[in-house]
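*Asks:* Contents of entry-v9.pdb (PDB, C-alpha atoms, pLDDT in the B column) are below:
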ATOM      1  CA  MET A  70     194.757 286.492 181.993  1.00 41.00           C
ATOM      2  CA  THR A  71     198.342 286.312 183.160  1.00 48.00           C
ATOM      3  CA  LYS A  72     200.742 289.207 182.654  1.00 45.00           C
ATOM      4  CA  ALA A  73     202.967 287.031 180.471  1.00 45.00           C
ATOM      5  CA  LEU A  74     200.136 286.266 178.099  1.00 45.00           C
ATOM      6  CA  ALA A  75     198.958 289.860 178.160  1.00 41.00           C
ATOM      7  CA  ALA A  76     202.355 290.899 176.794  1.00 40.00           C
ATOM      8  CA  LEU A  77     202.393 288.245 174.117  1.00 43.00           C
ATOM      9  CA  SER A  78     202.417 289.373 170.503  1.00 38.00           C
ATOM     10  CA  VAL A  79     201.846 286.359 168.285  1.00 43.00           C
ATOM     11  CA  ILE A  80     201.995 286.164 164.506  1.00 42.00           C
ATOM     12  CA  TRP A  81     199.599 283.450 163.405  1.00 43.00           C
ATOM     13  CA  VAL A  82     201.142 281.991 160.295  1.00 41.00           C
ATOM     14  CA  SER A  83     198.635 280.556 157.823  1.00 39.00           C
ATOM     15  CA  VAL A  84     200.216 277.860 155.698  1.00 38.00           C
ATOM     16  CA  ILE A  85     197.426 276.061 153.873  1.00 40.00           C
ATOM     17  CA  PRO A  86     198.770 274.377 150.744  1.00 39.00           C
ATOM     18  CA  ALA A  87     196.256 273.142 148.168  1.00 38.00           C
ATOM     19  CA  MET A  88     193.243 273.735 150.382  1.00 46.00           C
ATOM     20  CA  PRO A  89     190.066 272.185 148.994  1.00 46.00           C
ATOM     21  CA  ARG A  90     187.232 274.356 147.817  1.00 46.00           C
ATOM     22  CA  PRO A  91     183.574 273.904 148.753  1.00 47.00           C
ATOM     23  CA  SER A  92     181.594 271.231 146.939  1.00 49.00           C
ATOM     24  CA  HIS A  93     179.623 274.010 145.247  1.00 57.00           C
ATOM     25  CA  THR A  94     181.956 276.042 143.064  1.00 68.00           C
ATOM     26  CA  PRO A  95     181.067 279.759 143.172  1.00 72.00           C
ATOM     27  CA  GLU A  96     180.156 281.078 139.750  1.00 69.00           C
ATOM     28  CA  ALA A  97     179.768 284.479 138.111  1.00 63.00           C
ATOM     29  CA  ARG A  98     176.425 285.487 136.615  1.00 75.00           C
ATOM     30  CA  THR A  99     177.568 287.957 133.977  1.00 84.00           C
ATOM     31  CA  PRO A 100     180.607 288.564 131.745  1.00 86.00           C
ATOM     32  CA  GLU A 101     181.169 291.877 133.564  1.00 87.00           C
ATOM     33  CA  GLU A 102     181.386 290.043 136.881  1.00 89.00           C
ATOM     34  CA  VAL A 103     183.924 287.616 135.404  1.00 88.00           C
ATOM     35  CA  ASP A 104     186.041 290.440 134.001  1.00 90.00           C
ATOM     36  CA  LEU A 105     186.172 292.391 137.252  1.00 92.00           C
ATOM     37  CA  TYR A 106     186.894 289.256 139.264  1.00 91.00           C
ATOM     38  CA  LEU A 107     189.794 288.408 136.948  1.00 93.00           C
ATOM     39  CA  ASP A 108     191.121 291.942 137.424  1.00 92.00           C
ATOM     40  CA  PHE A 109     191.025 291.282 141.174  1.00 93.00           C
ATOM     41  CA  ARG A 110     192.786 287.927 140.869  1.00 91.00           C
ATOM     42  CA  GLU A 111     195.459 289.301 138.556  1.00 92.00           C
ATOM     43  CA  ALA A 112     196.345 292.332 140.681  1.00 91.00           C
ATOM     44  CA  ILE A 113     200.119 292.484 140.989  1.00 89.00           C
ATOM     45  CA  ASP A 114     200.430 293.268 144.700  1.00 91.00           C
ATOM     46  CA  SER A 115     198.402 293.212 147.907  1.00 92.00           C
ATOM     47  CA  GLU A 116     197.462 296.898 147.816  1.00 95.00           C
ATOM     48  CA  ALA A 117     196.243 296.704 144.238  1.00 94.00           C
ATOM     49  CA  ARG A 118     194.276 293.534 145.026  1.00 95.00           C
ATOM     50  CA  HIS A 119     192.753 295.200 148.078  1.00 95.00           C
ATOM     51  CA  LYS A 120     191.508 298.109 145.939  1.00 95.00           C
ATOM     52  CA  MET A 121     190.108 295.724 143.355  1.00 94.00           C
ATOM     53  CA  ALA A 122     188.404 293.699 146.103  1.00 95.00           C
ATOM     54  CA  LEU A 123     186.586 296.785 147.363  1.00 95.00           C
ATOM     55  CA  ARG A 124     185.595 297.659 143.821  1.00 95.00           C
ATOM     56  CA  PHE A 125     184.299 294.138 143.152  1.00 94.00           C
ATOM     57  CA  GLU A 126     182.262 294.034 146.378  1.00 94.00           C
ATOM     58  CA  GLY A 127     180.720 297.402 145.554  1.00 95.00           C
ATOM     59  CA  ALA A 128     179.818 296.370 142.014  1.00 93.00           C
ATOM     60  CA  PHE A 129     178.575 292.839 142.806  1.00 92.00           C
ATOM     61  CA  PRO A 130     177.441 292.685 146.466  1.00 93.00           C
ATOM     62  CA  GLU A 131     175.513 289.437 145.862  1.00 91.00           C
ATOM     63  CA  SER A 132     178.242 287.613 143.937  1.00 91.00           C
ATOM     64  CA  GLU A 133     179.095 284.046 144.909  1.00 88.00           C
ATOM     65  CA  LEU A 134     182.703 284.900 144.094  1.00 90.00           C
ATOM     66  CA  LEU A 135     182.836 287.155 147.155  1.00 92.00           C
ATOM     67  CA  VAL A 136     183.787 284.084 149.181  1.00 91.00           C
ATOM     68  CA  HIS A 137     187.233 284.280 147.538  1.00 92.00           C
ATOM     69  CA  VAL A 138     187.355 288.061 147.729  1.00 94.00           C
ATOM     70  CA  TYR A 139     186.613 288.015 151.465  1.00 95.00           C
ATOM     71  CA  GLU A 140     189.276 285.395 152.052  1.00 94.00           C
ATOM     72  CA  SER A 141     191.817 287.656 150.356  1.00 94.00           C
ATOM     73  CA  GLU A 142     190.596 290.717 152.263  1.00 96.00           C
ATOM     74  CA  PHE A 143     190.755 288.854 155.566  1.00 95.00           C
ATOM     75  CA  GLU A 144     194.396 287.943 155.007  1.00 93.00           C
ATOM     76  CA  TYR A 145     195.148 291.483 153.835  1.00 94.00           C
ATOM     77  CA  ALA A 146     193.632 293.014 156.980  1.00 94.00           C
ATOM     78  CA  ARG A 147     195.457 290.548 159.194  1.00 91.00           C
ATOM     79  CA  SER A 148     198.788 291.261 157.501  1.00 89.00           C
ATOM     80  CA  GLN A 149     198.208 294.977 158.129  1.00 89.00           C
ATOM     81  CA  GLU A 150     197.254 294.273 161.786  1.00 88.00           C
ATOM     82  CA  LEU A 151     193.788 295.723 161.182  1.00 91.00           C
ATOM     83  CA  ARG A 152     192.025 293.488 163.675  1.00 91.00           C
ATOM     84  CA  GLN A 153     188.540 294.999 163.483  1.00 92.00           C
ATOM     85  CA  SER A 154     188.578 295.001 159.700  1.00 94.00           C
ATOM     86  CA  ALA A 155     189.765 291.387 159.678  1.00 94.00           C
ATOM     87  CA  LEU A 156     186.999 290.373 162.066  1.00 95.00           C
ATOM     88  CA  ALA A 157     184.311 292.101 160.022  1.00 95.00           C
ATOM     89  CA  THR A 158     185.568 290.568 156.778  1.00 95.00           C
ATOM     90  CA  GLY A 159     186.001 287.170 158.388  1.00 95.00           C
ATOM     91  CA  GLU A 160     182.387 287.178 159.529  1.00 95.00           C
ATOM     92  CA  LYS A 161     181.213 288.007 155.995  1.00 95.00           C
ATOM     93  CA  TRP A 162     183.440 285.233 154.660  1.00 94.00           C
ATOM     94  CA  LEU A 163     181.991 282.776 157.168  1.00 94.00           C
ATOM     95  CA  ARG A 164     178.411 283.726 156.285  1.00 93.00           C
ATOM     96  CA  LEU A 165     179.078 282.677 152.700  1.00 91.00           C
ATOM     97  CA  GLY A 166     180.821 279.489 153.805  1.00 88.00           C
ATOM     98  CA  PRO A 167     179.598 278.492 157.288  1.00 90.00           C
ATOM     99  CA  ASN A 168     181.684 275.307 157.288  1.00 90.00           C
ATOM    100  CA  ASP A 169     184.802 276.767 155.676  1.00 91.00           C
ATOM    101  CA  VAL A 170     187.722 275.546 157.785  1.00 92.00           C
ATOM    102  CA  ARG A 171     189.941 278.417 156.647  1.00 91.00           C
ATOM    103  CA  ALA A 172     187.421 281.011 157.795  1.00 94.00           C
ATOM    104  CA  LEU A 173     186.799 279.229 161.100  1.00 95.00           C
ATOM    105  CA  LEU A 174     190.500 278.980 161.881  1.00 95.00           C
ATOM    106  CA  GLY A 175     191.273 282.534 160.827  1.00 94.00           C
ATOM    107  CA  LEU A 176     188.608 283.926 163.150  1.00 95.00           C
ATOM    108  CA  ALA A 177     189.569 281.549 165.979  1.00 95.00           C
ATOM    109  CA  GLU A 178     193.132 282.861 165.774  1.00 93.00           C
ATOM    110  CA  ILE A 179     192.462 286.599 165.733  1.00 93.00           C
ATOM    111  CA  LEU A 180     189.366 286.891 167.953  1.00 93.00           C
ATOM    112  CA  PRO A 181     191.311 286.418 171.238  1.00 91.00           C
ATOM    113  CA  TYR A 182     194.141 288.729 170.208  1.00 86.00           C
ATOM    114  CA  GLY A 183     194.295 291.863 172.347  1.00 84.00           C
ATOM    115  CA  THR A 184     191.201 291.072 174.416  1.00 85.00           C
ATOM    116  CA  SER A 185     190.100 289.091 177.457  1.00 88.00           C
ATOM    117  CA  ASP A 186     186.404 289.611 176.766  1.00 90.00           C
ATOM    118  CA  PRO A 187     184.690 286.332 177.797  1.00 92.00           C
ATOM    119  CA  PRO A 188     182.164 286.276 174.910  1.00 93.00           C
ATOM    120  CA  MET A 189     184.943 286.777 172.364  1.00 93.00           C
ATOM    121  CA  LEU A 190     187.045 284.044 173.927  1.00 95.00           C
ATOM    122  CA  SER A 191     184.041 281.718 173.906  1.00 95.00           C
ATOM    123  CA  GLN A 192     183.344 282.517 170.264  1.00 95.00           C
ATOM    124  CA  ALA A 193     186.964 281.821 169.350  1.00 95.00           C
ATOM    125  CA  GLU A 194     186.793 278.487 171.155  1.00 96.00           C
ATOM    126  CA  GLN A 195     183.594 277.581 169.307  1.00 96.00           C
ATOM    127  CA  TYR A 196     185.179 278.367 165.958  1.00 96.00           C
ATOM    128  CA  ALA A 197     188.283 276.297 166.736  1.00 96.00           C
ATOM    129  CA  ARG A 198     186.246 273.315 167.925  1.00 95.00           C
ATOM    130  CA  LYS A 199     183.944 273.529 164.908  1.00 95.00           C
ATOM    131  CA  ALA A 200     187.005 273.566 162.650  1.00 95.00           C
ATOM    132  CA  LEU A 201     188.162 270.309 164.247  1.00 94.00           C
ATOM    133  CA  VAL A 202     184.753 268.767 163.588  1.00 93.00           C
ATOM    134  CA  GLU A 203     184.730 269.956 159.971  1.00 92.00           C
ATOM    135  CA  LEU A 204     188.229 268.604 159.424  1.00 90.00           C
ATOM    136  CA  LYS A 205     187.014 265.100 160.233  1.00 86.00           C
ATOM    137  CA  GLN A 206     184.568 265.364 157.342  1.00 81.00           C
ATOM    138  CA  MET A 207     186.762 267.282 154.912  1.00 75.00           C
ATOM    139  CA  GLN A 208     187.417 265.605 151.596  1.00 71.00           C
ATOM    140  CA  LEU A 209     190.266 266.664 149.357  1.00 67.00           C
ATOM    141  CA  PRO A 210     190.247 266.552 145.558  1.00 68.00           C
ATOM    142  CA  ARG A 211     191.398 263.306 143.972  1.00 70.00           C
ATOM    143  CA  GLU A 212     194.466 264.975 142.521  1.00 72.00           C
ATOM    144  CA  VAL A 213     195.815 265.578 146.030  1.00 71.00           C
ATOM    145  CA  THR A 214     198.081 262.695 147.044  1.00 79.00           C
ATOM    146  CA  ARG A 215     197.647 260.836 150.304  1.00 78.00           C
ATOM    147  CA  ASN A 216     200.855 262.348 151.694  1.00 83.00           C
ATOM    148  CA  GLU A 217     199.752 265.862 150.772  1.00 83.00           C
ATOM    149  CA  CYS A 218     196.327 265.199 152.271  1.00 82.00           C
ATOM    150  CA  ASP A 219     197.890 264.041 155.524  1.00 83.00           C
ATOM    151  CA  LYS A 220     200.108 267.118 155.664  1.00 87.00           C
ATOM    152  CA  ILE A 221     197.192 269.480 155.064  1.00 86.00           C
ATOM    153  CA  GLN A 222     195.030 267.788 157.675  1.00 87.00           C
ATOM    154  CA  LYS A 223     197.775 267.868 160.302  1.00 90.00           C
ATOM    155  CA  SER A 224     198.635 271.511 159.600  1.00 92.00           C
ATOM    156  CA  LEU A 225     195.022 272.573 159.990  1.00 92.00           C
ATOM    157  CA  ARG A 226     194.403 270.505 163.107  1.00 93.00           C
ATOM    158  CA  ALA A 227     197.580 271.933 164.617  1.00 95.00           C
ATOM    159  CA  ARG A 228     196.293 275.460 164.017  1.00 94.00           C
ATOM    160  CA  ALA A 229     192.991 274.599 165.691  1.00 95.00           C
ATOM    161  CA  HIS A 230     194.714 273.165 168.764  1.00 96.00           C
ATOM    162  CA  ALA A 231     197.048 276.171 168.953  1.00 95.00           C
ATOM    163  CA  ALA A 232     194.066 278.533 168.806  1.00 95.00           C
ATOM    164  CA  LEU A 233     192.397 276.604 171.616  1.00 95.00           C
ATOM    165  CA  GLY A 234     195.598 276.775 173.628  1.00 94.00           C
ATOM    166  CA  TYR A 235     195.725 280.544 173.220  1.00 93.00           C
ATOM    167  CA  VAL A 236     192.119 280.952 174.394  1.00 95.00           C
ATOM    168  CA  LEU A 237     192.593 278.656 177.383  1.00 94.00           C
ATOM    169  CA  GLY A 238     195.787 280.467 178.329  1.00 91.00           C
ATOM    170  CA  LYS A 239     193.982 283.791 178.329  1.00 91.00           C
ATOM    171  CA  ARG A 240     191.444 282.281 180.704  1.00 90.00           C
ATOM    172  CA  GLY A 241     194.225 281.162 183.016  1.00 88.00           C
ATOM    173  CA  ASP A 242     193.718 277.434 182.369  1.00 91.00           C
ATOM    174  CA  MET A 243     197.446 276.799 182.124  1.00 92.00           C
ATOM    175  CA  ALA A 244     197.436 272.997 182.223  1.00 93.00           C
ATOM    176  CA  GLU A 245     194.860 272.639 179.437  1.00 95.00           C
ATOM    177  CA  SER A 246     196.440 275.456 177.463  1.00 95.00           C
ATOM    178  CA  ILE A 247     199.846 273.805 177.552  1.00 95.00           C
ATOM    179  CA  GLN A 248     198.310 270.474 176.574  1.00 95.00           C
ATOM    180  CA  GLU A 249     196.691 272.025 173.491  1.00 96.00           C
ATOM    181  CA  LEU A 250     199.936 273.721 172.438  1.00 95.00           C
ATOM    182  CA  GLU A 251     201.907 270.518 172.938  1.00 95.00           C
ATOM    183  CA  THR A 252     199.365 268.729 170.750  1.00 96.00           C
ATOM    184  CA  ALA A 253     199.670 271.410 168.072  1.00 95.00           C
ATOM    185  CA  ILE A 254     203.476 271.322 168.061  1.00 95.00           C
ATOM    186  CA  ALA A 255     203.639 267.539 167.960  1.00 95.00           C
ATOM    187  CA  MET A 256     201.076 267.384 165.154  1.00 93.00           C
ATOM    188  CA  SER A 257     202.407 270.145 162.908  1.00 93.00           C
ATOM    189  CA  PRO A 258     204.323 268.766 159.892  1.00 91.00           C
ATOM    190  CA  GLU A 259     206.742 271.693 160.098  1.00 91.00           C
ATOM    191  CA  PRO A 260     207.835 273.911 163.024  1.00 91.00           C
ATOM    192  CA  VAL A 261     205.586 276.960 163.411  1.00 92.00           C
ATOM    193  CA  GLY A 262     207.342 279.780 165.216  1.00 93.00           C
ATOM    194  CA  ALA A 263     204.168 281.333 166.642  1.00 92.00           C
ATOM    195  CA  GLN A 264     203.131 278.053 168.253  1.00 93.00           C
ATOM    196  CA  LEU A 265     206.588 277.486 169.721  1.00 95.00           C
ATOM    197  CA  LEU A 266     206.762 281.033 171.066  1.00 95.00           C
ATOM    198  CA  LEU A 267     203.378 280.746 172.737  1.00 93.00           C
ATOM    199  CA  ALA A 268     204.347 277.390 174.249  1.00 94.00           C
ATOM    200  CA  GLY A 269     207.464 279.004 175.677  1.00 94.00           C
ATOM    201  CA  LYS A 270     205.373 281.771 177.229  1.00 93.00           C
ATOM    202  CA  LEU A 271     203.031 279.226 178.762  1.00 93.00           C
ATOM    203  CA  TYR A 272     205.883 277.122 180.146  1.00 94.00           C
ATOM    204  CA  ARG A 273     207.442 280.210 181.701  1.00 93.00           C
ATOM    205  CA  THR A 274     204.122 281.160 183.281  1.00 91.00           C
ATOM    206  CA  ALA A 275     203.882 277.626 184.676  1.00 91.00           C
ATOM    207  CA  ARG A 276     207.477 277.979 186.007  1.00 92.00           C
ATOM    208  CA  ARG A 277     208.825 275.306 183.706  1.00 94.00           C
ATOM    209  CA  GLU A 278     211.832 277.390 182.761  1.00 94.00           C
ATOM    210  CA  ARG A 279     213.866 274.646 181.129  1.00 94.00           C
ATOM    211  CA  ASP A 280     210.993 273.766 178.814  1.00 94.00           C
ATOM    212  CA  ALA A 281     210.410 277.462 178.124  1.00 94.00           C
ATOM    213  CA  ILE A 282     214.017 278.007 177.048  1.00 95.00           C
ATOM    214  CA  GLU A 283     213.867 275.047 174.686  1.00 95.00           C
ATOM    215  CA  MET A 284     210.697 276.404 173.063  1.00 95.00           C
ATOM    216  CA  PHE A 285     212.115 279.898 172.695  1.00 96.00           C
ATOM    217  CA  ARG A 286     215.210 278.472 171.001  1.00 95.00           C
ATOM    218  CA  ARG A 287     213.088 276.433 168.624  1.00 96.00           C
ATOM    219  CA  ALA A 288     210.873 279.465 167.909  1.00 95.00           C
ATOM    220  CA  ALA A 289     213.930 281.571 167.072  1.00 95.00           C
ATOM    221  CA  GLN A 290     215.071 278.894 164.619  1.00 94.00           C
ATOM    222  CA  ALA A 291     211.633 278.501 163.039  1.00 93.00           C
ATOM    223  CA  GLY A 292     210.999 282.220 162.496  1.00 89.00           C
ATOM    224  CA  PRO A 293     209.814 284.293 160.712  1.00 91.00           C
ATOM    225  CA  ALA A 294     211.856 287.393 161.547  1.00 91.00           C
ATOM    226  CA  GLN A 295     209.446 288.956 164.040  1.00 91.00           C
ATOM    227  CA  ILE A 296     208.974 285.669 165.872  1.00 93.00           C
ATOM    228  CA  LYS A 297     212.754 285.212 165.953  1.00 94.00           C
ATOM    229  CA  SER A 298     213.164 288.663 167.490  1.00 93.00           C
ATOM    230  CA  LEU A 299     210.505 288.007 170.123  1.00 94.00           C
ATOM    231  CA  ALA A 300     211.949 284.600 170.987  1.00 94.00           C
ATOM    232  CA  GLU A 301     215.467 285.994 171.290  1.00 93.00           C
ATOM    233  CA  ALA A 302     214.170 288.726 173.592  1.00 94.00           C
ATOM    234  CA  GLU A 303     212.664 286.019 175.807  1.00 93.00           C
ATOM    235  CA  LEU A 304     215.944 284.136 175.854  1.00 93.00           C
ATOM    236  CA  GLN A 305     217.708 287.279 177.006  1.00 91.00           C
ATOM    237  CA  LYS A 306     215.543 287.220 180.133  1.00 87.00           C
ATOM    238  CA  THR A 307     217.123 283.933 181.188  1.00 73.00           C
ATOM    239  CA  ARG A 308     220.678 285.340 181.342  1.00 61.00           C
TER     240      ARG A 308
END
What is this structure when it is put down as C-alpha cells?
*Replies:*
Amino acid sequence: MTKALAALSVIWVSVIPAMPRPSHTPEARTPEEVDLYLDFREAIDSEARHKMALRFEGAFPESELLVHVYESEFEYARSQELRQSALATGEKWLRLGPNDVRALLGLAEILPYGTSDPPMLSQAEQYARKALVELKQMQLPREVTRNECDKIQKSLRARAHAALGYVLGKRGDMAESIQELETAIAMSPEPVGAQLLLAGKLYRTARRERDAIEMFRRAAQAGPAQIKSLAEAELQKTR
C-alpha cells in the first residue's frame, strides 16, 4: 500500500433513500417483542437507540426484527469509529440477510479501513462484487418511481465501485483503482466527498497532479465538514 493511501482517512457516506426491504418481511412473534422493538424504533437519539438495541437483542436473540436492529447498530458503530464493533455487527446483519445490498456495501467499505491484511482486502472485494451482482436483480416497490429507482441504483453501484477502488488502491493497483473511482464518480447522482477525496489521493499517487487538484477542490465543495477539511489540507500541499 502506498504511503498516500496509508494516510488517507475517508468518511464513507451512506445515502440510501427509500431502500427496498427483503421479500420476506421480518415479523415479531409476541406482543412483548413488538413493544420493545417499537421502543427501539422510537428512541429519540442515537445513544438511546443504541441502548434499546442492546436490550432488544438480549431479550429476543432469535427475533427476525434483529435485521433492522443490526443495521442501526452497524451505522451507530461506524459513526462512532468503532471499527471492530461495526464489523462484528455487520457480520450478524449479513447472516440474517445474506443478499442484503446495504450490509454488503457497509462491510465492503469498512473492512479495508486501517488494514492491508490480504484476506480482509479480498473479503471486502468479494462483498463489493456481490453487491453489484445483487443490484442487477434488485426490485424496488411499485410505489418507487422510475426516476427514484434509477437514482437509488446508481448511488448503490457508485458505492460498490468506490469500495472496489479503495481495495485495489491499497493493493497498489493504481490504474484499476483509479478506473473504479472514476466509474463511481461518473455514476453517482450527486457528488460524494469521500469518493472525490479518494480519487484525488489516487491521482496524486499516480503523479497526475492537475487531476488531483480538481478532485480535491470538488471534494471540498461536496463536503461534509471533515471531508472539506481533509481536501483543503491536500490543496495546501500544492502551494
*Asks:* Going by the chain IDs and residue numbers used in this file, which residues fall under the PyMOL selection byres ((chain A and resi 145) around 10)? Write them as a ChimeraX atom specification.
*Replies:* /A:115-116,118-119,139-144,146-151,154-155
*Asks:* Print the selection's residues with C-alpha atoms to a file, as a short mmCIF file (atom, residue, chain, number, x, y, z; two decimals), keeping the file's coordinate frame.
*Replies:*
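Writing the result to part.cif gives the following:
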data_model
loop_
_atom_site.label_atom_id
_atom_site.label_comp_id
_atom_site.auth_asym_id
_atom_site.auth_seq_id
_atom_site.Cartn_x
_atom_site.Cartn_y
_atom_site.Cartn_z
CA SER A 115 198.40 293.21 147.91
CA GLU A 116 197.46 296.90 147.82
CA ARG A 118 194.28 293.53 145.03
CA HIS A 119 192.75 295.20 148.08
CA TYR A 139 186.61 288.02 151.46
CA GLU A 140 189.28 285.40 152.05
CA SER A 141 191.82 287.66 150.36
CA GLU A 142 190.60 290.72 152.26
CA PHE A 143 190.76 288.85 155.57
CA GLU A 144 194.40 287.94 155.01
CA ALA A 146 193.63 293.01 156.98
CA ARG A 147 195.46 290.55 159.19
CA SER A 148 198.79 291.26 157.50
CA GLN A 149 198.21 294.98 158.13
CA GLU A 150 197.25 294.27 161.79
CA LEU A 151 193.79 295.72 161.18
CA SER A 154 188.58 295.00 159.70
CA ALA A 155 189.76 291.39 159.68
#
*Asks:* List the neighbours of Gly234 of chain A out to 8 Å using all atoms listed in the file; skip same-chain residues closer than 3 positions along the sequence, and give me the result as a ChimeraX atom specification.
*Replies:* /A:230-231,237-238,245-250
*Asks:* Could you tell me how far atom CA of Pro130 of chain A lies from atom CA of Leu176 of chain A, in Å and to one decimal?
*Replies:*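 Atom CA of Leu176 of chain A lies at a distance of 21.9 Å from atom CA of Pro130 of chain A.
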*Asks:* Quick one, how far is atom CA of Arg164 of chain A from atom CA of Ala122 of chain A?
*Replies:*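 Taking atom CA of Arg164 of chain A and atom CA of Ala122 of chain A, their separation equals 17.4 Å.
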*Asks:* Could you list the residues chosen by the PyMOL selection byres ((chain A and resi 265) around 8) in this structure as a PyMOL selection string?
*Replies:* chain A and resi 254+260-264+266-269+284-285+287-288
*Asks:* Take atom CA of Phe129 of chain A and atom CA of Trp162 of chain A and report the distance between them in Å, one decimal.
*Replies:*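 Calculated distance between atom CA of Phe129 of chain A and atom CA of Trp162 of chain A is 14.9 Å.
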*Asks:* May I ask which of the residues A:Leu105, A:Arg226, A:Pro258, A:Lys205 is the closest one to Gly127 of chain A, counting all atoms listed in the file?
*Replies:* A:Leu105
*Asks:* So which one's closest to Leu299 of chain A, A:Lys270, A:Ala157, A:Ile113, A:Leu134? Using all atoms listed in the file, please.
*Replies:*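 Ranked by minimum distance to Leu299 of chain A, first place goes to A:Lys270.
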*Asks:* Rank A:Ile282, A:Ala255, A:Glu102, A:Lys239 by their smallest atom-to-atom distance to Asp186 of chain A, using only C-alpha atoms, and report the top residue only.
*Replies:*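 The shortest atom-to-atom distance to Asp186 of chain A comes from A:Lys239.
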*Asks:* Given the file above and the PyMOL selection byres ((chain A and resi 180) around 9), which residues are selected, and can you give them as number ranges by chain?
*Replies:* A: 152, 156, 175-179, 181-184, 189-190, 192-193
*Asks:* Find, counting only C-alpha atoms, the residue in A:Ser185, A:Gln295, A:Gln206, A:Ser132 that gets nearest to Glu101 of chain A.
*Replies:*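 When distances to Glu101 of chain A are compared using only C-alpha atoms, the smallest one comes from A:Ser132.
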*Asks:* Segment 151-178 of chain A from the block above, C-alpha atoms, as a PDB file, in the first residue's frame, please?
*Replies:*
ATOM      1  CA  LEU A 151     -15.772   1.674  16.360  1.00  0.00           C
ATOM      2  CA  ARG A 152     -14.464  -0.443  13.510  1.00  0.00           C
ATOM      3  CA  GLN A 153     -14.355  -3.816  15.264  1.00  0.00           C
ATOM      4  CA  SER A 154     -17.839  -3.375  16.671  1.00  0.00           C
ATOM      5  CA  ALA A 155     -19.130  -2.355  13.241  1.00  0.00           C
ATOM      6  CA  LEU A 156     -17.539  -5.403  11.641  1.00  0.00           C
ATOM      7  CA  ALA A 157     -18.990  -7.777  14.218  1.00  0.00           C
ATOM      8  CA  THR A 158     -22.458  -6.251  13.906  1.00  0.00           C
ATOM      9  CA  GLY A 159     -22.225  -6.145  10.130  1.00  0.00           C
ATOM     10  CA  GLU A 160     -21.466  -9.856  10.008  1.00  0.00           C
ATOM     11  CA  LYS A 161     -24.506 -10.608  12.186  1.00  0.00           C
ATOM     12  CA  TRP A 162     -26.604  -8.378   9.936  1.00  0.00           C
ATOM     13  CA  LEU A 163     -25.342 -10.195   6.850  1.00  0.00           C
ATOM     14  CA  ARG A 164     -26.089 -13.614   8.350  1.00  0.00           C
ATOM     15  CA  LEU A 165     -29.737 -12.616   8.660  1.00  0.00           C
ATOM     16  CA  GLY A 166     -29.782 -11.145   5.159  1.00  0.00           C
ATOM     17  CA  PRO A 167     -27.048 -12.777   3.040  1.00  0.00           C
ATOM     18  CA  ASN A 168     -28.083 -10.848  -0.075  1.00  0.00           C
ATOM     19  CA  ASP A 169     -28.761  -7.513   1.620  1.00  0.00           C
ATOM     20  CA  VAL A 170     -27.039  -4.892  -0.532  1.00  0.00           C
ATOM     21  CA  ARG A 171     -26.819  -2.438   2.364  1.00  0.00           C
ATOM     22  CA  ALA A 172     -24.986  -4.948   4.541  1.00  0.00           C
ATOM     23  CA  LEU A 173     -22.664  -5.999   1.714  1.00  0.00           C
ATOM     24  CA  LEU A 174     -21.735  -2.417   0.890  1.00  0.00           C
ATOM     25  CA  GLY A 175     -21.298  -1.377   4.506  1.00  0.00           C
ATOM     26  CA  LEU A 176     -18.848  -4.210   5.145  1.00  0.00           C
ATOM     27  CA  ALA A 177     -17.060  -3.664   1.816  1.00  0.00           C
ATOM     28  CA  GLU A 178     -16.461  -0.044   2.814  1.00  0.00           C
TER      29      GLU A 178
END
